[in-house]
Amino acid sequence: MKKIEAIIKPFKLDEVREALSAAGVSGLTVSESKGFGRQKGHTEHYRGAEYQVDFLPKIRLEVVVRDDQADAIVAAIAEAANTQKIGDGKIFVFEVSDAIRIRTGERGDAAI
Amino acid sequence: MKKIEAIIKPFKLDEVREALSAAGVSGLTVSESKGFGRQKGHTEHYRGAEYQVDFLPKIRLEVVVRDDQADAIVAAIAEAANTQKIGDGKIFVFEVSDAIRIRTGERGDAAI
Amino acid sequence: MKKIEAIIKPFKLDEVREALSAAGVSGLTVSESKGFGRQKGHTEHYRGAEYQVDFLPKIRLEVVVRDDQADAIVAAIAEAANTQKIGDGKIFVFEVSDAIRIRTGERGDAAI
Amino acid sequence: MRNRISTAGAGRLVAAAAALFAAGTASAEDVLSAGDTAWMMTSTALVLMMTLPGLALFYGGLVRTKNVLSILMQCLISAGMMGVLWVVVGYSLAFGDGNAFVGDFSKVMLNHATPDTLAGTIPEYVFVMFQGMFAIITPALMIGAFAERMRFGPYLAFITIWLVAVYCPLAHMVWGGGILSSWGAIDFAGGLVVHMSSGFSAMAAALFLGPRAGHGKQPMPPHNLPMVVIGASLLWVGWFGFNAGSELAADGTAGLAFLTTSTATSTAVLTWVLVEWLHQGKSTVLGAATAAVAGLVSITPACASVTPGGAILVGFGGALICYVFVMIVKPKAGYDDSLDVFGVHGIGGAWGALATALFIAPFALPEGMTQGGQILIQLKSIGFTALFAPVATLVILVALRAVFGSLRPTEEDEALGLDQSEHSESAYIEAA
Amino acid sequence: MRNRISTAGAGRLVAAAAALFAAGTASAEDVLSAGDTAWMMTSTALVLMMTLPGLALFYGGLVRTKNVLSILMQCLISAGMMGVLWVVVGYSLAFGDGNAFVGDFSKVMLNHATPDTLAGTIPEYVFVMFQGMFAIITPALMIGAFAERMRFGPYLAFITIWLVAVYCPLAHMVWGGGILSSWGAIDFAGGLVVHMSSGFSAMAAALFLGPRAGHGKQPMPPHNLPMVVIGASLLWVGWFGFNAGSELAADGTAGLAFLTTSTATSTAVLTWVLVEWLHQGKSTVLGAATAAVAGLVSITPACASVTPGGAILVGFGGALICYVFVMIVKPKAGYDDSLDVFGVHGIGGAWGALATALFIAPFALPEGMTQGGQILIQLKSIGFTALFAPVATLVILVALRAVFGSLRPTEEDEALGLDQSEHSESAYIEAA
Amino acid sequence: MRNRISTAGAGRLVAAAAALFAAGTASAEDVLSAGDTAWMMTSTALVLMMTLPGLALFYGGLVRTKNVLSILMQCLISAGMMGVLWVVVGYSLAFGDGNAFVGDFSKVMLNHATPDTLAGTIPEYVFVMFQGMFAIITPALMIGAFAERMRFGPYLAFITIWLVAVYCPLAHMVWGGGILSSWGAIDFAGGLVVHMSSGFSAMAAALFLGPRAGHGKQPMPPHNLPMVVIGASLLWVGWFGFNAGSELAADGTAGLAFLTTSTATSTAVLTWVLVEWLHQGKSTVLGAATAAVAGLVSITPACASVTPGGAILVGFGGALICYVFVMIVKPKAGYDDSLDVFGVHGIGGAWGALATALFIAPFALPEGMTQGGQILIQLKSIGFTALFAPVATLVILVALRAVFGSLRPTEEDEALGLDQSEHSESAYIEAA
Ligand SMILES: Nc1ncnc2c1ncn2[C@@H]1O[C@H](COP(=O)(O)OP(=O)(O)O)[C@@H](O)[C@H]1O
Ligand SMILES: Nc1ncnc2c1ncn2[C@@H]1O[C@H](COP(=O)(O)OP(=O)(O)O)[C@@H](O)[C@H]1O
Ligand SMILES: Nc1ncnc2c1ncn2[C@@H]1O[C@H](COP(=O)(O)OP(=O)(O)O)[C@@H](O)[C@H]1O
């Protein structure tokens, strides 16, 4: 199994989720995060104090898939999340040693 | 070392933490996340606009343990987080290449 | 490639980010999390009801780097985040199977 | 200055009743005072502000995130339902002639009145609305006791019946010329009618419904303390209308009621903060906010009967007694009066009704009455209210359970939170 | 009691105009009443509170997190710009003699007045400020229609011109002795001048600017419902000043207006909640808050013309009609009146203006007028306002587009949110 | 209309003092006016609303999440402690006969008064409370200067002593018939007594305590700007009571004060927004909210002495001067007046006190006084306050440091936040 982690722009979440459903993914987990990268932040003003905001809101999406799905899923995310603009984000792939479904105790591919 | 990542129902956090303490874990990290899966979301109404909420609140728990602890820890989480209801969540296990305790610089098993 | 995950004290984030920039990192992702460990929590009072807060706010920082950068980056984080006080946090290192830049489709070291 | 207290036996209530019954017959009183009317319209607006947004925020901040909307909704619908009900029939049941226990239907739909009808020196329409705002807040005060665990439908049915069966009779008995008024009970602004009635009824409801799932095991801290403080602050501000408005005029007695209200409340805040410091090692914002409400409740029946010095004693005692109930008795006893309606309104209201006589100023003692005599009257009235309100409440709840099955949401819905299960809404949404 | 309604043809407007025109000449009316003045200063403060913080919170809670500050800023600058403009020239254009359509420059900078100048029984300065608060809230009401998509500069230019070109003339026509007043239109507190004018203008602006990016595809739920409820509550409380204050005195008619205002609003809340329950299976907090505003709008023109029973009908009808517009017509039609300014203020205001005549009480019908006649006058006035306001608004917007290029932010800025793009600020910061 | 200003030398203060000293002796003034009393009770409630919740929210929103409760608590306990202290001894020290510098103990516990005692045309109890609300807000204004870094115990001791040693004497000197009043200083609603005294004392405290850890290195943006805007809005609304209430009557001068208050504030908002736009490229919500307070402060001493046109100049100047201090001088100078108490209240108050004479209307100039003469008096009074308040404050703080050791929390506690370290509470909890 592989875990695919994607850092994407928040407004792309719905599209990506739909793309993943279409690609056969039945579960995923997301969390709010902030990213620092090539994409420029902005400056905020508070009574003359300038405040540089380097971290931009991103969605961190995690999905564990069977080895044979991994490439297709990566491609699906890359396509759905793409806006051709700096800051679109990254996808990282990791090996998963094991997976367990808490409710049933199922393990491995059956659990995801 | 192994990293065990569990996606659980929020109200189960306290029980899981106690089970982990009992199992000899001395540290762990959690973050808020939202999960999409078999568990049904719900519909919200705002002045006639319907708004489908597919993502449900989940806690994402991470704990790094010695290889020999891993099975026991997975079992402890699986037991404590189980409600026999859809949406109880998943546990994923990963290999950890290295661990460092920032305060002391200790590495490996000593660091966790 | 390696993914370096660090759990640090929130007020150290700016210093760590600067240290990473200095060490040649051009992107990273952070999220808010709560940690349980040796560092003591505190007690809150609400109309006579005591409420033990065991989880303390931490920043969870993730950065993917080339294999040859990994040691230097780990050292940079460990130095910048260190306050010599309990609760400074941990650094964990993982193998990354692949990385993709969404905008360009670049893969591997080129993507990070 | 026209001092109503000294001339009017048991105070305002008789004055009000007299004014009403006299309406239509010409008398020296029967001239509209623009000044009194200005103050009474202001007071009426202030009393609405106590419920919306005051109480809604105070209670809303105290519950968990998943239930804040259910509280807001319960306050809103109290203003909706009670606001209509009062005009249609409630006012008539409370202030119609009737008998010793309840009014009649002579003022249904306010058909007896025109813009020219006076109640004392103000338009009766203004008096109706002022009293109407009391009828809105009193049922809403109970919300805190069964917060986070009562369905919306049963709640709405409950407060509707409660207004007619508990509040209107009690208001009639105390303020409408009924039995407690004939005993000589002093309840200037509603220690019995508003606070004891809601506090003791709320306790009955809390026991009847049972504790929240997880009560006593799981911490349930307030989700938003600044919201609690805004609420308590607006309650304080609005309470000037509640108490000084109960004089129905802008005169020296109103001035006294205004001053004692604020002084007792300040004293209660200071007392609670210091006591908590000594007792717990630190004083809390939640404590200070609770203390403000405890002080306000305590001075409510007494506000026109005590000197400034007396107000300090009322506030001091109110803070101490409520502190003990909220911080010590409740945790020990284990009942789930979730937001301390009983500990603050029930106990504080009873204390205030007693303190009215304990610290009564010479000018406020009705002619021919001794202080000891007044103390006995107050105790009798407290006892009556402490029995009548919760018993009637239990009867209503038993009947409602027969109709609705359960008054509570399912376990699952309670865990999900009432905002979702009852209203399909989320309070806070961090949109993309 | 002096009943202005029954003696003054089309009501307050004529009374106000008469009082103003008579200023300087001695008459029996020309004596300051401290009571009336007290009530009018209170009312004025209440009407400011409707905008700041009432409306700001109501609208601010309804938008997405990234745009809440832009709403607050638009409300603040309305108080800034309109507040100055009104004193400098607006008041003169509305209440100066002028012609049938607009006032003149005779009262520019209020140079005609001193602290001794009266308007009826109150200082003219107080009348100026009371009316000034109306001039602050009316443009701000429109914000909801083009929320989340208008740049700050064009907005500021828009409301500035709109006040002079739409609001002042309309206020003159209805309240300043102009043409609608001579028709005999009854608009006690601003159903035409405030609510229809802003509601219909807002609709024009919403159509002119086009929908928000993502409208209809992407959900845009309110980011903070408790904020919406605080806003609606403060609107309710403040509205007592708006409506009962429009009598310009603390008398029986003010008392009537006070009572009908609250009764209609309670009825609207109750109605909406029950209708939504039947129609959608659940009732929502957002529905109840919206209903309160719909009820308040509906009763505004009618508040001194109907009995308590009539108020119930006005509130009931207002809730029903606004419900249909907000919940059914708008989603079907597909226009993006983001926060339902048209559905609530435009429609509710028109309903109220009609209901004024439909449910008019005998004592409120001008002498020599039949109810049928009054209905026709009201319809004519509604029609006039429904045409004049949006057409004038469109002309202004076309001109502004010529000056500013686009009135909207770039697509990117709209996605980022106006708080960042227009003001470089974030509403909420969880600092380390 | 009775124009107090023109007949009463240095204005309200003398009128108030005269009224008080005359209490008990029969005179034409000695009749209660229900209208004046209605307005003054309303004003008193409004001034409490300025502190709770107004100022609490304004300051609370400006600090970081971890310190918001400490601000709310400091405001609450000011209402607690000052509220009691004022009735017990403060009022007597300010308004007792005494000497040129301070009152006496003749009115301790208000034992001299009954509900029948008048101060002018209102019950003295109402006057006591109105002034008491000033005594609550003035110390609370200082909180902003040492926000996020003063322990609760030392703070409570500080404001308690400060009230007795700084506020009461100054109030006596200016309003109680003391030395500044005999100079002829005009300070209608508290430019010297409230704003300069708190602003300059706050600056002394900020310097004495030193900057927050991380000041100048780490950004410390406001954690909740909507909260700041609600606070500023309620300050604006409440300020009508503060300023127009200072006339102690509902008359033409109150009307003038009401109008100038709002006009100056609107002007200040507009000015700041435009200046910030030119200077920074964008205007901010925080700027607009700050401007509102700056405008309100500036007009406070002048509100009954200028025409509407004069009010525009006062507001314009106040916005400009405060802008320069807040946006340019403070960042350059590097001191940590955390929430700009000095820049807004100290500077704005001094500007207002001067502007009172600069733009004085003919009808407001005391008989026999030239404008030049009045300017000199105002300058002398400004100088006196600017010295007296901060010096006395420093003496108090030095003494307190001797008692408490440090007035600040430990470094660790400051990093953790005062909510936890001082009160063991969290403002916001996202429960499961
Ligand atoms: N090396 C990295 N490790 C972890 N996250 C990264 C890394 N580089 C970029 N990111 C994440 O990806 C986001 C987008 O990166 P950025 O450099 O702004 O644009 P792009 O992906 O288009 O080159 C960042 O905001 C950050 O969250
Ligand atoms: N393949 C997956 N990858 C990552 N997270 C998943 C995956 N499948 C499920 N999850 C997480 O587990 C949670 C529970 O899954 P769900 O399908 O609802 O129930 P169950 O685990 O009982 O089958 C989801 O809400 C989601 O957060
Ligand atoms: N085994 C672990 N797995 C995951 N996170 C851990 C683990 N141990 C500690 N942490 C994280 O590191 C933080 C610091 O650990 P703690 O034991 O308090 O101090 P120290 O790192 O100085 O020993 C914890 O709050 C937690 O977030």
# chains A, B, ... in the order shown; residues from 1 in each chain; ligands from 1
$ residues_near_ligand --ligand "ligand 3" --cutoff "8 Å" --atoms "only C-alpha atoms and all ligand atoms" --output "JSON, numbers by chain"
{"B": [3, 25, 26, 27, 28, 29, 30, 62, 63, 64, 65, 101, 102, 103, 104, 111, 112], "C": [7, 8, 33, 34, 35, 36, 37, 38, 39, 40, 55, 56, 57, 58, 84, 85, 86, 87, 88, 89, 90]}
$ select_by_dssp --residues "stretch 8-110 of chain C" --states "alpha helix (DSSP H)" --output "list of chain:residue names"
C:Leu13, C:Asp14, C:Glu15, C:Val16, C:Arg17, C:Glu18, C:Ala19, C:Leu20, C:Ser21, C:Ala22, C:Ala70, C:Asp71, C:Ala72, C:Ile73, C:Val74, C:Ala75, C:Ala76, C:Ile77, C:Ala78, C:Glu79, C:Ala80
$ interface_residues --of "chain F" --to "chain A" --cutoff "10 Å" --atoms "only C-alpha atoms" --output "list of chain:residue names"
F:Leu62, F:Gly216, F:Gln218, F:Pro219, F:Met220, F:Pro221, F:Pro222, F:Glu276, F:Gln280, F:Lys282, F:Ser283, F:Thr284, F:Val285, F:Leu286, F:Gly287, F:Thr290, F:Tyr323, F:Val326, F:Met327, F:Ile328, F:Lys330, F:Pro331, F:Leu339, F:Asp340
$ write_last_selection --atoms "N, CA and C atoms" --output "PDB file, in the first residue's frame"
ATOM      1  N   LEU F  62      -8.201  43.436  20.565  1.00  0.00           N
ATOM      2  CA  LEU F  62      -6.903  43.932  20.105  1.00  0.00           C
ATOM      3  C   LEU F  62      -5.718  43.106  20.595  1.00  0.00           C
ATOM      4  N   GLY F 216       8.292  44.707  19.201  1.00  0.00           N
ATOM      5  CA  GLY F 216       9.151  45.287  18.178  1.00  0.00           C
ATOM      6  C   GLY F 216       9.823  44.232  17.314  1.00  0.00           C
ATOM      7  N   GLN F 218       8.426  40.820  17.182  1.00  0.00           N
ATOM      8  CA  GLN F 218       7.424  39.821  16.827  1.00  0.00           C
ATOM      9  C   GLN F 218       6.119  40.568  16.566  1.00  0.00           C
ATOM     10  N   PRO F 219       5.404  40.195  15.515  1.00  0.00           N
ATOM     11  CA  PRO F 219       4.133  40.893  15.283  1.00  0.00           C
ATOM     12  C   PRO F 219       3.108  40.482  16.331  1.00  0.00           C
ATOM     13  N   MET F 220       2.292  41.413  16.766  1.00  0.00           N
ATOM     14  CA  MET F 220       1.249  41.105  17.750  1.00  0.00           C
ATOM     15  C   MET F 220      -0.071  41.671  17.261  1.00  0.00           C
ATOM     16  N   PRO F 221      -0.554  41.103  16.166  1.00  0.00           N
ATOM     17  CA  PRO F 221      -1.790  41.639  15.575  1.00  0.00           C
ATOM     18  C   PRO F 221      -2.994  41.300  16.448  1.00  0.00           C
ATOM     19  N   PRO F 222      -4.059  42.066  16.300  1.00  0.00           N
ATOM     20  CA  PRO F 222      -5.293  41.833  17.064  1.00  0.00           C
ATOM     21  C   PRO F 222      -5.836  40.441  16.766  1.00  0.00           C
ATOM     22  N   GLU F 276      -5.220  57.402   5.688  1.00  0.00           N
ATOM     23  CA  GLU F 276      -4.533  56.111   5.637  1.00  0.00           C
ATOM     24  C   GLU F 276      -4.432  55.612   4.194  1.00  0.00           C
ATOM     25  N   GLN F 280      -0.865  54.949   3.177  1.00  0.00           N
ATOM     26  CA  GLN F 280      -0.488  53.535   3.198  1.00  0.00           C
ATOM     27  C   GLN F 280      -0.961  52.772   1.976  1.00  0.00           C
ATOM     28  N   LYS F 282      -3.887  51.718   1.431  1.00  0.00           N
ATOM     29  CA  LYS F 282      -5.155  51.055   1.736  1.00  0.00           C
ATOM     30  C   LYS F 282      -5.668  51.583   3.067  1.00  0.00           C
ATOM     31  N   SER F 283      -6.966  51.546   3.261  1.00  0.00           N
ATOM     32  CA  SER F 283      -7.454  51.895   4.591  1.00  0.00           C
ATOM     33  C   SER F 283      -7.935  50.638   5.291  1.00  0.00           C
ATOM     34  N   THR F 284      -7.779  50.622   6.599  1.00  0.00           N
ATOM     35  CA  THR F 284      -8.049  49.416   7.365  1.00  0.00           C
ATOM     36  C   THR F 284      -9.248  49.601   8.284  1.00  0.00           C
ATOM     37  N   VAL F 285      -9.837  48.485   8.613  1.00  0.00           N
ATOM     38  CA  VAL F 285     -10.934  48.471   9.571  1.00  0.00           C
ATOM     39  C   VAL F 285     -10.434  48.903  10.951  1.00  0.00           C
ATOM     40  N   LEU F 286      -9.255  48.431  11.290  1.00  0.00           N
ATOM     41  CA  LEU F 286      -8.699  48.830  12.579  1.00  0.00           C
ATOM     42  C   LEU F 286      -8.495  50.342  12.625  1.00  0.00           C
ATOM     43  N   GLY F 287      -8.080  50.903  11.497  1.00  0.00           N
ATOM     44  CA  GLY F 287      -7.928  52.346  11.424  1.00  0.00           C
ATOM     45  C   GLY F 287      -9.259  53.050  11.640  1.00  0.00           C
ATOM     46  N   THR F 290     -10.306  52.814  15.273  1.00  0.00           N
ATOM     47  CA  THR F 290      -9.463  53.690  16.088  1.00  0.00           C
ATOM     48  C   THR F 290      -9.884  55.139  15.900  1.00  0.00           C
ATOM     49  N   TYR F 323      -3.679  60.115  14.387  1.00  0.00           N
ATOM     50  CA  TYR F 323      -3.064  59.295  13.324  1.00  0.00           C
ATOM     51  C   TYR F 323      -1.553  59.404  13.394  1.00  0.00           C
ATOM     52  N   VAL F 326      -0.225  57.560  16.524  1.00  0.00           N
ATOM     53  CA  VAL F 326      -0.364  56.107  16.531  1.00  0.00           C
ATOM     54  C   VAL F 326       0.458  55.454  15.425  1.00  0.00           C
ATOM     55  N   MET F 327       0.446  56.076  14.259  1.00  0.00           N
ATOM     56  CA  MET F 327       1.029  55.436  13.082  1.00  0.00           C
ATOM     57  C   MET F 327       2.486  55.820  12.856  1.00  0.00           C
ATOM     58  N   ILE F 328       2.907  56.959  13.361  1.00  0.00           N
ATOM     59  CA  ILE F 328       4.252  57.420  13.046  1.00  0.00           C
ATOM     60  C   ILE F 328       5.105  57.612  14.301  1.00  0.00           C
ATOM     61  N   LYS F 330       4.670  56.692  17.568  1.00  0.00           N
ATOM     62  CA  LYS F 330       4.881  55.547  18.443  1.00  0.00           C
ATOM     63  C   LYS F 330       5.863  54.526  17.859  1.00  0.00           C
ATOM     64  N   PRO F 331       5.655  54.083  16.610  1.00  0.00           N
ATOM     65  CA  PRO F 331       6.615  53.119  16.066  1.00  0.00           C
ATOM     66  C   PRO F 331       8.050  53.660  16.099  1.00  0.00           C
ATOM     67  N   LEU F 339      -2.040  49.294  23.286  1.00  0.00           N
ATOM     68  CA  LEU F 339      -3.258  49.501  22.503  1.00  0.00           C
ATOM     69  C   LEU F 339      -3.512  50.995  22.275  1.00  0.00           C
ATOM     70  N   ASP F 340      -2.457  51.808  22.384  1.00  0.00           N
ATOM     71  CA  ASP F 340      -2.519  53.231  22.046  1.00  0.00           C
ATOM     72  C   ASP F 340      -3.456  54.058  22.924  1.00  0.00           C
TER      73      ASP F 340
END
$ interface_residues --of "chain E" --to "chain D" --cutoff "8 Å" --atoms "only C-alpha atoms" --output "short mmCIF file (atom, residue, chain, number, x, y, z; two decimals) with N, CA and C atoms, in the first residue's frame"
data_model
loop_
_atom_site.label_atom_id
_atom_site.label_comp_id
_atom_site.auth_asym_id
_atom_site.auth_seq_id
_atom_site.Cartn_x
_atom_site.Cartn_y
_atom_site.Cartn_z
N MET E 1 -53.26 63.09 26.15
CA MET E 1 -52.33 62.69 25.09
C MET E 1 -52.65 63.38 23.77
N ASN E 3 -52.60 63.10 20.08
CA ASN E 3 -52.53 62.04 19.08
C ASN E 3 -52.26 62.64 17.71
N SER E 33 -40.06 69.96 25.34
CA SER E 33 -40.48 68.96 26.32
C SER E 33 -39.26 68.10 26.64
N ALA E 34 -38.85 68.13 27.91
CA ALA E 34 -37.69 67.32 28.31
C ALA E 34 -37.98 65.84 28.09
N GLY E 35 -39.23 65.44 28.34
CA GLY E 35 -39.57 64.04 28.16
C GLY E 35 -39.46 63.61 26.71
N ASP E 36 -40.02 64.41 25.81
CA ASP E 36 -39.91 64.08 24.39
C ASP E 36 -38.45 64.10 23.95
N ALA E 38 -35.79 63.57 25.80
CA ALA E 38 -35.12 62.39 26.35
C ALA E 38 -35.37 61.18 25.46
N TRP E 39 -36.62 60.99 25.09
CA TRP E 39 -36.96 59.83 24.26
C TRP E 39 -36.30 59.93 22.89
N THR E 42 -32.59 59.16 23.09
CA THR E 42 -32.47 57.71 23.24
C THR E 42 -32.72 57.02 21.90
N ARG E 64 -18.63 35.02 4.13
CA ARG E 64 -17.56 34.09 4.43
C ARG E 64 -16.43 34.80 5.19
N THR E 65 -15.68 34.02 5.95
CA THR E 65 -14.64 34.58 6.83
C THR E 65 -13.78 35.63 6.13
N MET E 220 -22.03 28.83 0.08
CA MET E 220 -21.43 29.99 0.75
C MET E 220 -22.19 30.25 2.05
N PRO E 221 -22.05 29.30 2.97
CA PRO E 221 -22.81 29.44 4.22
C PRO E 221 -22.24 30.56 5.09
N PRO E 222 -23.06 31.08 6.00
CA PRO E 222 -22.62 32.14 6.91
C PRO E 222 -21.44 31.66 7.74
N HIS E 223 -20.44 32.53 7.94
CA HIS E 223 -19.27 32.02 8.66
C HIS E 223 -19.48 32.04 10.17
N ASN E 224 -20.47 32.80 10.65
CA ASN E 224 -20.61 32.92 12.11
C ASN E 224 -22.07 33.26 12.45
N LEU E 225 -22.85 32.23 12.75
CA LEU E 225 -24.27 32.46 13.01
C LEU E 225 -24.55 33.18 14.33
N PRO E 226 -23.78 32.91 15.39
CA PRO E 226 -24.02 33.72 16.60
C PRO E 226 -23.87 35.21 16.31
N VAL E 229 -27.03 36.42 14.90
CA VAL E 229 -28.09 36.54 15.89
C VAL E 229 -27.88 37.78 16.77
N ILE E 230 -26.65 38.07 17.15
CA ILE E 230 -26.43 39.30 17.91
C ILE E 230 -26.88 40.49 17.07
N SER E 233 -30.63 40.72 16.90
CA SER E 233 -31.15 41.14 18.20
C SER E 233 -30.99 42.63 18.40
N LEU E 234 -29.81 43.15 18.08
CA LEU E 234 -29.60 44.58 18.27
C LEU E 234 -30.44 45.38 17.28
N VAL E 237 -33.84 45.54 19.05
CA VAL E 237 -33.81 46.51 20.15
C VAL E 237 -33.76 47.94 19.59
N GLY E 238 -32.88 48.16 18.62
CA GLY E 238 -32.71 49.51 18.09
C GLY E 238 -33.94 50.00 17.34
N PHE E 240 -36.92 49.92 18.05
CA PHE E 240 -37.87 50.65 18.89
C PHE E 240 -37.63 52.15 18.75
N ALA E 249 -42.03 62.07 19.78
CA ALA E 249 -42.53 62.42 21.10
C ALA E 249 -42.73 61.14 21.90
N ALA E 250 -42.78 61.27 23.22
CA ALA E 250 -43.04 60.13 24.10
C ALA E 250 -44.50 60.18 24.51
N ASP E 251 -45.37 59.69 23.62
CA ASP E 251 -46.80 59.77 23.90
C ASP E 251 -47.50 58.46 23.56
N GLY E 252 -48.81 58.49 23.51
CA GLY E 252 -49.56 57.28 23.28
C GLY E 252 -49.34 56.67 21.91
N THR E 253 -49.13 57.51 20.91
CA THR E 253 -48.87 56.99 19.58
C THR E 253 -47.51 56.31 19.55
N GLY E 255 -46.24 54.85 22.07
CA GLY E 255 -46.50 53.60 22.76
C GLY E 255 -47.11 52.56 21.84
N LEU E 256 -48.05 53.02 21.00
CA LEU E 256 -48.65 52.12 20.02
C LEU E 256 -47.60 51.58 19.06
N PHE E 258 -44.47 51.33 19.48
CA PHE E 258 -43.58 50.44 20.20
C PHE E 258 -44.20 49.05 20.27
N LEU E 259 -45.45 49.01 20.67
CA LEU E 259 -46.12 47.72 20.84
C LEU E 259 -46.29 46.99 19.52
N SER E 262 -42.99 45.39 18.27
CA SER E 262 -42.56 44.15 18.88
C SER E 262 -43.52 43.01 18.56
N THR E 263 -44.79 43.31 18.54
CA THR E 263 -45.77 42.25 18.30
C THR E 263 -45.65 41.69 16.88
N THR E 265 -43.04 41.67 15.08
CA THR E 265 -41.77 40.96 14.96
C THR E 265 -41.85 39.59 15.61
N SER E 266 -42.43 39.53 16.79
CA SER E 266 -42.62 38.23 17.43
C SER E 266 -43.45 37.31 16.53
N THR E 267 -44.50 37.87 15.96
CA THR E 267 -45.35 37.07 15.08
C THR E 267 -44.56 36.55 13.89
N ALA E 268 -43.73 37.41 13.32
CA ALA E 268 -42.96 37.00 12.15
C ALA E 268 -42.00 35.87 12.50
N VAL E 269 -41.37 35.96 13.66
CA VAL E 269 -40.44 34.91 14.07
C VAL E 269 -41.20 33.59 14.22
N LEU E 270 -42.30 33.66 14.93
CA LEU E 270 -43.08 32.45 15.16
C LEU E 270 -43.57 31.85 13.84
N LYS E 282 -37.31 21.10 9.42
CA LYS E 282 -36.62 21.66 10.58
C LYS E 282 -36.67 23.17 10.50
N SER E 283 -36.61 23.83 11.64
CA SER E 283 -36.49 25.28 11.57
C SER E 283 -35.08 25.68 11.98
N THR E 284 -34.61 26.76 11.38
CA THR E 284 -33.22 27.15 11.56
C THR E 284 -33.10 28.47 12.32
N VAL E 285 -31.96 28.63 12.94
CA VAL E 285 -31.65 29.87 13.62
C VAL E 285 -31.56 31.02 12.60
N ALA E 288 -35.00 32.14 11.86
CA ALA E 288 -35.61 32.95 12.91
C ALA E 288 -35.04 34.36 12.90
N ALA E 289 -33.73 34.48 12.68
CA ALA E 289 -33.11 35.81 12.66
C ALA E 289 -33.60 36.61 11.46
N PRO E 308 -53.01 46.30 17.91
CA PRO E 308 -52.20 45.12 18.21
C PRO E 308 -52.59 43.93 17.34
N GLY E 309 -53.89 43.73 17.16
CA GLY E 309 -54.33 42.64 16.29
C GLY E 309 -53.85 42.84 14.86
N ILE E 312 -50.31 41.80 14.39
CA ILE E 312 -50.12 40.35 14.22
C ILE E 312 -50.29 39.98 12.75
#
$ residues_around --residues "stretch 189-200 of chain D" --least-positions-apart "6" --cutoff "7 Å" --atoms "only C-alpha atoms" --output "PyMOL selection string"
chain D and resi 138-139+141-142+170-171+242-243+246+297+300-301+341-342+345-346+349-350+352-353+382+385-386+389-390
$ residues_around --residues "F:Ala257" --least-positions-apart "6" --cutoff "8 Å" --atoms "only C-alpha atoms" --output "MDAnalysis selection string"
chainID F and resid 243:244 303:304
$ closest_residue --among "A:Asp109, A:Glu32, A:Lys2, A:Asp14" --to "ligand 1" --atoms "only C-alpha atoms and all ligand atoms"
A:Glu32
$ closest_residue --among "C:Ile59, C:Ala78, C:Ala19, C:Ala6" --to "chain B" --atoms "only C-alpha atoms"
C:Ala78
$ atom_distance --atom1 "atom CA of A:Ala80" --atom2 "atom 18 (O, counted along the ligand's line) of ligand 1"
17.2 Å
$ select_by_dssp --residues "chain A" --states "strand (DSSP E)" --output "PyMOL selection string"
chain A and resi 2-8+28-36+42-46+49-53+56-65+90-95+98-101
$ atom_distance --atom1 "atom CA of E:Val89" --atom2 "atom CA of E:Phe105"
7.0 Å
$ closest_residue --among "B:Ala76, B:Met1, B:Ala81, B:Leu20" --to "ligand 2" --atoms "only C-alpha atoms and all ligand atoms"
B:Ala81
